[in-house]
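First the structure, in the form of structure tokens, and then the observations on it.
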Amino acid sequence: MAGRYEPRDDAAPSFAPCAVVPIYNHGSTIAATAEALAAHGLPVLIVDDGSEAATADVLDRLVAGRDDLRLIRLPVNGGKGAALTAGFLAAHAAGYSHVLQIDADGQHDTADAPRFLAAAAAAPDAMVCGKPIYDDSVPPARLYGRYLTHACVWAETLSFDIADSMCGYRLYPLAPTRAEIARKPLPSRMDFDTEIAVRLFWRGVPVINLPTRVIYPENGLSHFRMWRDNARITAMHTRLLLGMLPRAPRLLLRTFHHGNR
């Protein structure tokens, strides 16, 4: 098991990470996730995306008297992307340089947080993307359905650099992320993870893919809505494919140089 993250002597002096955890009614799992991140030395910003009263009460008790846990409460449910955008902007305003994004539902292995932090400290300009290692708990439809998005992202970036754009466990450099948010608002719901990864790649942000264990907890709460979210994802890929076209010469040149290093 990975231990607490300890900055290397040669780490960038401006490397100041925090974690951002969006939550919508995951009251039964948030405490374990937040406590594990805090145990690794990470300040944690929990973004409550309009949760119901029971989860709101859990969050109030969780952060009471804590300096390492901060609660940001959105008045109504706006979606995962909206919650993460709010968390990123709050993290930037608080002076953090990097954000570790992780879901609140217990899917992700918090023991890997030091590995994400170490990778980002060694390459602070890069986006560190989780590359899922699944066990038998993953629904086959979810597993195989991801490959369609993988293929679309490889076309949208003209590269294979982003191994998995849908994993919600990743670490961002905040400066280019904030600049991209300012340039054009990001999607507010489940299409957020893929679009921000592609747009940061277009911006020139390098990608590090980090294998990490992902589970689907028994009786886990999923907010994915098949028809609504698949329609959003289809529209997103259409938008990104069209956005790739004027960028194609630069992307091809970048891929060529990357392949010849």
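Identifiers for the structure tokens are assigned positionally: chains receive A, B, ... in sequence, residues are indexed from 1 per chain, and ligands are indexed from 1 in the order shown.
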
Checklist line | region 92-98 of chain A surroundings by only C-alpha atoms, 12 Å radius, close-in-sequence under 3 positions cut, as number ranges by chain | finding: A: 12-20, 42-45, 70, 85-89, 101, 116-121, 123-128, 170-179, 181

Could you go through region 141-257 of chain A and tell me which residues DSSP, when run on the backbone, assigns to helix (DSSP H, G or I), listing them as a PDB file with C-alpha atoms, in the first residue's frame?
ATOM      1  CA  ALA A 141     -21.676  -2.837 -20.624  1.00  0.00           C
ATOM      2  CA  ARG A 142     -19.695  -0.087 -18.884  1.00  0.00           C
ATOM      3  CA  LEU A 143     -16.367  -1.735 -19.674  1.00  0.00           C
ATOM      4  CA  TYR A 144     -16.934  -2.277 -23.381  1.00  0.00           C
ATOM      5  CA  GLY A 145     -18.896   0.936 -23.869  1.00  0.00           C
ATOM      6  CA  ARG A 146     -15.836   2.937 -22.862  1.00  0.00           C
ATOM      7  CA  TYR A 147     -13.960   1.822 -25.961  1.00  0.00           C
ATOM      8  CA  LEU A 148     -16.203   3.897 -28.214  1.00  0.00           C
ATOM      9  CA  THR A 149     -15.228   7.010 -26.264  1.00  0.00           C
ATOM     10  CA  HIS A 150     -11.558   5.936 -26.316  1.00  0.00           C
ATOM     11  CA  ALA A 151     -11.676   5.727 -30.118  1.00  0.00           C
ATOM     12  CA  CYS A 152     -13.377   9.125 -30.376  1.00  0.00           C
ATOM     13  CA  VAL A 153     -10.775  10.740 -28.107  1.00  0.00           C
ATOM     14  CA  TRP A 154      -7.917   9.257 -30.104  1.00  0.00           C
ATOM     15  CA  ALA A 155      -9.496  10.803 -33.214  1.00  0.00           C
ATOM     16  CA  GLU A 156     -10.095  14.136 -31.446  1.00  0.00           C
ATOM     17  CA  THR A 157      -6.456  14.350 -30.313  1.00  0.00           C
ATOM     18  CA  LEU A 174      -4.492  24.479 -12.213  1.00  0.00           C
ATOM     19  CA  ALA A 175      -3.015  27.292 -14.326  1.00  0.00           C
ATOM     20  CA  PRO A 176      -3.930  25.854 -17.748  1.00  0.00           C
ATOM     21  CA  THR A 177      -7.135  24.335 -16.358  1.00  0.00           C
ATOM     22  CA  ARG A 178      -8.334  27.705 -15.088  1.00  0.00           C
ATOM     23  CA  ALA A 179      -7.321  29.341 -18.378  1.00  0.00           C
ATOM     24  CA  GLU A 180      -9.368  26.777 -20.298  1.00  0.00           C
ATOM     25  CA  ILE A 181     -12.381  27.351 -18.059  1.00  0.00           C
ATOM     26  CA  ALA A 182     -12.058  31.093 -18.698  1.00  0.00           C
ATOM     27  CA  ARG A 183     -11.738  30.544 -22.445  1.00  0.00           C
ATOM     28  CA  PHE A 192     -16.946  16.946 -18.176  1.00  0.00           C
ATOM     29  CA  ASP A 193     -14.122  14.420 -17.658  1.00  0.00           C
ATOM     30  CA  THR A 194     -13.610  13.662 -21.334  1.00  0.00           C
ATOM     31  CA  GLU A 195     -13.964  17.209 -22.613  1.00  0.00           C
ATOM     32  CA  ILE A 196     -11.530  18.758 -20.163  1.00  0.00           C
ATOM     33  CA  ALA A 197      -8.942  16.070 -20.934  1.00  0.00           C
ATOM     34  CA  VAL A 198      -9.195  16.693 -24.678  1.00  0.00           C
ATOM     35  CA  ARG A 199      -9.178  20.470 -24.347  1.00  0.00           C
ATOM     36  CA  LEU A 200      -6.144  20.467 -22.060  1.00  0.00           C
ATOM     37  CA  PHE A 201      -4.381  18.199 -24.545  1.00  0.00           C
ATOM     38  CA  TRP A 202      -5.222  20.665 -27.326  1.00  0.00           C
ATOM     39  CA  ARG A 203      -3.743  23.394 -25.133  1.00  0.00           C
ATOM     40  CA  MET A 226     -28.255   6.219 -19.946  1.00  0.00           C
ATOM     41  CA  TRP A 227     -30.328   8.209 -22.436  1.00  0.00           C
ATOM     42  CA  ARG A 228     -29.660  11.699 -21.153  1.00  0.00           C
ATOM     43  CA  ASP A 229     -25.940  11.272 -20.563  1.00  0.00           C
ATOM     44  CA  ASN A 230     -25.308   9.285 -23.734  1.00  0.00           C
ATOM     45  CA  ALA A 231     -26.980  12.098 -25.688  1.00  0.00           C
ATOM     46  CA  ARG A 232     -24.707  14.605 -23.969  1.00  0.00           C
ATOM     47  CA  ILE A 233     -21.646  12.476 -24.695  1.00  0.00           C
ATOM     48  CA  THR A 234     -22.628  12.128 -28.359  1.00  0.00           C
ATOM     49  CA  ALA A 235     -23.018  15.894 -28.673  1.00  0.00           C
ATOM     50  CA  MET A 236     -19.678  16.392 -26.926  1.00  0.00           C
ATOM     51  CA  HIS A 237     -17.820  14.088 -29.319  1.00  0.00           C
ATOM     52  CA  THR A 238     -19.415  15.822 -32.293  1.00  0.00           C
ATOM     53  CA  ARG A 239     -18.283  19.171 -30.913  1.00  0.00           C
ATOM     54  CA  LEU A 240     -14.759  17.925 -30.180  1.00  0.00           C
ATOM     55  CA  LEU A 241     -14.327  16.239 -33.555  1.00  0.00           C
ATOM     56  CA  LEU A 242     -15.280  19.495 -35.259  1.00  0.00           C
ATOM     57  CA  GLY A 243     -12.901  21.364 -32.960  1.00  0.00           C
ATOM     58  CA  MET A 244     -10.091  18.997 -33.889  1.00  0.00           C
ATOM     59  CA  LEU A 245     -10.242  19.862 -37.597  1.00  0.00           C
ATOM     60  CA  PRO A 246      -8.656  23.353 -37.490  1.00  0.00           C
ATOM     61  CA  ARG A 247      -6.127  22.031 -34.957  1.00  0.00           C
ATOM     62  CA  ALA A 248      -5.220  18.954 -37.021  1.00  0.00           C
ATOM     63  CA  PRO A 249      -1.912  20.226 -38.507  1.00  0.00           C
ATOM     64  CA  ARG A 250      -0.569  21.229 -35.085  1.00  0.00           C
ATOM     65  CA  LEU A 251      -1.784  18.015 -33.465  1.00  0.00           C
ATOM     66  CA  LEU A 252      -0.227  15.866 -36.180  1.00  0.00           C
ATOM     67  CA  LEU A 253       3.071  17.722 -35.821  1.00  0.00           C
ATOM     68  CA  ARG A 254       2.962  17.218 -32.055  1.00  0.00           C
ATOM     69  CA  THR A 255       2.258  13.501 -32.464  1.00  0.00           C
ATOM     70  CA  PHE A 256       5.092  13.181 -35.007  1.00  0.00           C
ATOM     71  CA  HIS A 257       7.586  14.860 -32.683  1.00  0.00           C
TER      72      HIS A 257
END

Notebook entry, point to check: Which of these, A:Asp48, A:Pro185, A:Asn209, A:Asp136, has the shortest distance to Ser165 (chain A) once you count only C-alpha atoms?
Noted result: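 Among A:Asp48, A:Pro185, A:Asn209, A:Asp136, it is A:Asn209 that comes nearest to Ser165 (chain A).
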
Next item on the list: Please provide the set of residues having any atom within 8 Å of Tyr24 (chain A), restricted to only C-alpha atoms, with same-chain residues fewer than 6 positions apart removed, written as a count of residues only.
Entry: 7

Next item on the list: Run DSSP on the backbone of this structure and report the residues of region 25-87 of chain A it assigns to strand (DSSP E or B), as an MDAnalysis selection string.
Entry: chainID A and resid 44:49 69:74

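With CA of Ile215 (chain A) on one side and CA of Arg66 (chain A) on the other, the separation reads 28.9 Å.
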
Checklist line | Point-to-point distance in Å for CA of Cys167 (chain A) and CA of Leu84 (chain A) | finding: 13.9 Å

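With distances restricted to only C-alpha atoms, A:Ile208 is the closest residue to Asp161 (chain A) from A:Ile208, A:Asp191, A:Ala34, A:Ala54.
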
Next item on the list: Choose the residue, out of A:Ile23, A:Ala36, A:Ala82, A:Val138, that has the smallest atom-to-atom separation from Thr110 (chain A); count only C-alpha atoms.
Entry: A:Ala36
